[in-house]
Amino acid sequence: MEIKLNNQEFKVIDAKEKITIADSFVVRQNKIGGGNGEAKLYVGNDNAEVRGFFGNTGFAIPCFLIKQDLIKYLDDTKAEYLKPEQPYINKNILPQLWNERKAKIDALPEKIEFEVVEQTQIAGPRVYVNSNDRAYKIIRELSLPNITYISVVKLLDKNGNLNYYFRLLQILLLGEYACCSNP
């Protein structure tokens with residue numbers, strides 16, 4: 001399968017559809033519980049499937065976000081930012097944060113590149129990634145715990161280089177679907 005993103009064509013290799021955003025991953029202003037935020041993102045248990053997708057132990061992979069996806073995510077989560085239903089620690093400042101974050105995203109380039117690196121210092125069967133790049137920090141800043149997940153698509157460009165396309169998405173709850181037609 002081929003897709004075109006930001007005027008560049010890619011071959012889709014694989015996808016990791018739902019990486020849940022935990023409260024521990026988000027920035028302090030978005031937290032429901034305590035803590036400062038760990039910055040590391042759990043991407044799965046250490047197994048052949050996860051390794052086949054991301055790479056061998058100690059991987060460092062090139063990734064990107066698309067500005068339009070971030071704008072859509074902010075639009076999709078605007079209601080939660082403006083009238084929070086979850087018990088955020090800083091519930092009262094979320095509306096202001098939405099406006100600030102929207103302005104920040106509007107100022108970004110169309111494609112925002114970054115690199116994630118596996119956190120090999122963490123013992124156990126879980127695989128975590130981290131990054132010091134601006135785009136990764138934006139993921140932590142925009143994400144709201146429990147209602148956000150990340151989809152990652154593994155792509156091959158025309159030069160044979162692997163790229164990982166990250167998208168922030170909102171989990172739709174059953175109550176958010178208005179139904180339908182009369183019987």
# chains A, B, ... in the order shown; residues from 1 in each chain; ligands from 1
$ residues_around --residues "range 27-30 of chain A" --least-positions-apart "3" --cutoff "9 Å" --atoms "only C-alpha atoms" --output "PyMOL selection string"
chain A and resi 23-24+34-39+88-91+93-94+97+137+140-145
$ write_last_selection --atoms "N, CA, C and O atoms" --output "JSON list (two decimals), in the first residue's frame"
[["chain", "number", "residue", "atom", "x", "y", "z"],
["A", 23, "ASP", "N", -1.07, 8.54, 32.15],
["A", 23, "ASP", "CA", -0.93, 9.78, 32.93],
["A", 23, "ASP", "C", 0.54, 10.09, 33.22],
["A", 23, "ASP", "O", 0.95, 11.25, 33.23],
["A", 24, "SER", "N", 1.35, 9.05, 33.42],
["A", 24, "SER", "CA", 2.76, 9.26, 33.73],
["A", 24, "SER", "C", 3.54, 9.87, 32.56],
["A", 24, "SER", "O", 4.59, 10.46, 32.77],
["A", 34, "GLY", "N", -0.52, 12.26, 40.51],
["A", 34, "GLY", "CA", 0.67, 12.99, 40.91],
["A", 34, "GLY", "C", 1.86, 12.66, 40.03],
["A", 34, "GLY", "O", 1.75, 11.97, 39.03],
["A", 35, "GLY", "N", 3.00, 13.15, 40.40],
["A", 35, "GLY", "CA", 4.23, 12.87, 39.66],
["A", 35, "GLY", "C", 4.56, 13.95, 38.67],
["A", 35, "GLY", "O", 3.75, 14.81, 38.34],
["A", 36, "ASN", "N", 5.80, 13.88, 38.18],
["A", 36, "ASN", "CA", 6.30, 14.92, 37.28],
["A", 36, "ASN", "C", 6.23, 14.54, 35.81],
["A", 36, "ASN", "O", 6.45, 15.36, 34.95],
["A", 37, "GLY", "N", 5.97, 13.30, 35.52],
["A", 37, "GLY", "CA", 5.97, 12.87, 34.12],
["A", 37, "GLY", "C", 7.31, 12.25, 33.80],
["A", 37, "GLY", "O", 8.35, 12.81, 34.10],
["A", 38, "GLU", "N", 7.27, 11.07, 33.24],
["A", 38, "GLU", "CA", 8.49, 10.31, 33.03],
["A", 38, "GLU", "C", 9.11, 10.53, 31.66],
["A", 38, "GLU", "O", 10.23, 10.14, 31.43],
["A", 39, "ALA", "N", 8.37, 11.07, 30.74],
["A", 39, "ALA", "CA", 8.82, 11.35, 29.37],
["A", 39, "ALA", "C", 8.99, 10.10, 28.53],
["A", 39, "ALA", "O", 8.95, 10.18, 27.33],
["A", 88, "TYR", "N", -8.50, 16.48, 36.24],
["A", 88, "TYR", "CA", -7.13, 16.96, 36.06],
["A", 88, "TYR", "C", -6.71, 17.80, 37.27],
["A", 88, "TYR", "O", -7.53, 18.52, 37.85],
["A", 89, "ILE", "N", -5.43, 17.74, 37.59],
["A", 89, "ILE", "CA", -4.90, 18.53, 38.69],
["A", 89, "ILE", "C", -5.04, 20.02, 38.39],
["A", 89, "ILE", "O", -5.36, 20.81, 39.26],
["A", 90, "ASN", "N", -4.80, 20.39, 37.13],
["A", 90, "ASN", "CA", -4.86, 21.80, 36.72],
["A", 90, "ASN", "C", -6.05, 22.06, 35.80],
["A", 90, "ASN", "O", -5.93, 22.74, 34.77],
["A", 91, "LYS", "N", -7.20, 21.55, 36.17],
["A", 91, "LYS", "CA", -8.41, 21.64, 35.37],
["A", 91, "LYS", "C", -8.74, 23.08, 34.94],
["A", 91, "LYS", "O", -9.15, 23.32, 33.81],
["A", 93, "ILE", "N", -6.84, 25.59, 34.22],
["A", 93, "ILE", "CA", -6.01, 26.25, 33.20],
["A", 93, "ILE", "C", -6.06, 25.57, 31.84],
["A", 93, "ILE", "O", -5.48, 26.07, 30.88],
["A", 94, "LEU", "N", -6.76, 24.44, 31.73],
["A", 94, "LEU", "CA", -6.81, 23.72, 30.46],
["A", 94, "LEU", "C", -7.37, 24.56, 29.30],
["A", 94, "LEU", "O", -6.83, 24.50, 28.20],
["A", 97, "LEU", "N", -4.60, 26.65, 28.12],
["A", 97, "LEU", "CA", -3.57, 25.82, 27.50],
["A", 97, "LEU", "C", -3.96, 25.42, 26.08],
["A", 97, "LEU", "O", -3.11, 25.37, 25.19],
["A", 137, "LYS", "N", 8.34, 16.31, 22.54],
["A", 137, "LYS", "CA", 7.84, 17.11, 23.66],
["A", 137, "LYS", "C", 6.42, 17.62, 23.36],
["A", 137, "LYS", "O", 5.60, 17.73, 24.27],
["A", 140, "ARG", "N", 3.88, 14.96, 24.24],
["A", 140, "ARG", "CA", 3.63, 14.95, 25.68],
["A", 140, "ARG", "C", 2.77, 16.13, 26.12],
["A", 140, "ARG", "O", 1.94, 16.02, 27.02],
["A", 141, "GLU", "N", 2.99, 17.27, 25.48],
["A", 141, "GLU", "CA", 2.29, 18.49, 25.85],
["A", 141, "GLU", "C", 0.82, 18.47, 25.43],
["A", 141, "GLU", "O", -0.06, 18.91, 26.17],
["A", 142, "LEU", "N", 0.53, 17.98, 24.24],
["A", 142, "LEU", "CA", -0.85, 17.99, 23.75],
["A", 142, "LEU", "C", -1.69, 16.86, 24.32],
["A", 142, "LEU", "O", -2.90, 17.01, 24.50],
["A", 143, "SER", "N", -1.09, 15.72, 24.59],
["A", 143, "SER", "CA", -1.83, 14.52, 24.98],
["A", 143, "SER", "C", -2.54, 14.67, 26.32],
["A", 143, "SER", "O", -1.96, 15.16, 27.28],
["A", 144, "LEU", "N", -3.77, 14.20, 26.33],
["A", 144, "LEU", "CA", -4.55, 14.12, 27.56],
["A", 144, "LEU", "C", -4.63, 12.64, 27.95],
["A", 144, "LEU", "O", -4.98, 11.80, 27.10],
["A", 145, "PRO", "N", -4.32, 12.30, 29.21],
["A", 145, "PRO", "CA", -4.30, 10.88, 29.59],
["A", 145, "PRO", "C", -5.69, 10.25, 29.48],
["A", 145, "PRO", "O", -6.71, 10.92, 29.61]]
$ select_by_dssp --residues "range 35-157 of chain A" --states "alpha helix (DSSP H)" --output "number ranges by chain"
A: 48-54, 67-82, 94-106, 134-142
$ write_last_selection --atoms "C-alpha atoms" --output "compact mmCIF listing (two decimals), in the first residue's frame"
# COMPACT_ATOMS: atom_id res chain seq x y z
CA ALA A 48 9.28 -10.57 18.21
CA GLU A 49 6.38 -8.40 17.00
CA VAL A 50 7.58 -5.23 18.77
CA ARG A 51 11.21 -5.87 17.73
CA GLY A 52 10.14 -6.52 14.14
CA PHE A 53 8.32 -3.20 14.10
CA PHE A 54 10.77 -0.91 15.93
CA LYS A 67 0.95 19.56 11.46
CA GLN A 68 -2.58 18.95 10.10
CA ASP A 69 -2.89 15.83 12.28
CA LEU A 70 -1.96 17.86 15.38
CA ILE A 71 -4.53 20.52 14.48
CA LYS A 72 -7.19 17.82 14.04
CA TYR A 73 -6.26 16.27 17.39
CA LEU A 74 -6.59 19.64 19.12
CA ASP A 75 -9.95 20.23 17.43
CA ASP A 76 -11.12 16.74 18.46
CA THR A 77 -10.09 17.27 22.11
CA LYS A 78 -11.18 20.91 22.36
CA ALA A 79 -14.34 20.04 24.32
CA GLU A 80 -12.27 18.18 26.94
CA TYR A 81 -9.79 21.06 27.17
CA LEU A 82 -12.55 23.68 27.53
CA LEU A 94 -6.81 23.72 30.46
CA PRO A 95 -8.90 26.18 28.37
CA GLN A 96 -5.99 28.65 28.34
CA LEU A 97 -3.57 25.82 27.50
CA TRP A 98 -5.70 24.81 24.49
CA ASN A 99 -5.39 28.33 23.05
CA GLU A 100 -1.64 28.50 23.69
CA ARG A 101 -1.06 25.04 22.22
CA LYS A 102 -3.18 25.78 19.14
CA ALA A 103 -1.07 28.90 18.46
CA LYS A 104 2.12 26.88 18.96
CA ILE A 105 1.01 24.19 16.49
CA ASP A 106 -0.11 26.78 13.93
CA ARG A 134 10.77 19.27 20.09
CA ALA A 135 8.18 17.10 18.30
CA TYR A 136 8.31 14.44 21.00
CA LYS A 137 7.84 17.11 23.66
CA ILE A 138 4.80 18.35 21.70
CA ILE A 139 3.28 14.86 21.88
CA ARG A 140 3.63 14.95 25.68
CA GLU A 141 2.29 18.49 25.85
CA LEU A 142 -0.85 17.99 23.75
$ closest_atom_pairs --of "range 5-25 of chain A" --to "range 156-175 of chain A" --cutoff "7 Å" --atoms "only C-alpha atoms" --output "JSON lines"
{"residue": "A:Glu9", "atom": "CA", "partner": "A:Asp157", "partner_atom": "CA", "distance": 6.5}
{"residue": "A:Phe10", "atom": "CA", "partner": "A:Asp157", "partner_atom": "CA", "distance": 4.7}
{"residue": "A:Lys11", "atom": "CA", "partner": "A:Leu156", "partner_atom": "CA", "distance": 5.1}
{"residue": "A:Val12", "atom": "CA", "partner": "A:Leu156", "partner_atom": "CA", "distance": 6.5}
{"residue": "A:Ile13", "atom": "CA", "partner": "A:Leu156", "partner_atom": "CA", "distance": 6.8}
$ closest_residue --among "A:Ile122, A:Asp133, A:Gly58, A:Ile147" --to "Gln86 in chain A" --atoms "only C-alpha atoms"
A:Ile147
$ select_by_dssp --residues "range 87-155 of chain A" --states "strand (DSSP E or B)" --output "NGL selection string"
:A and (111-118 or 126-130 or 148-155)
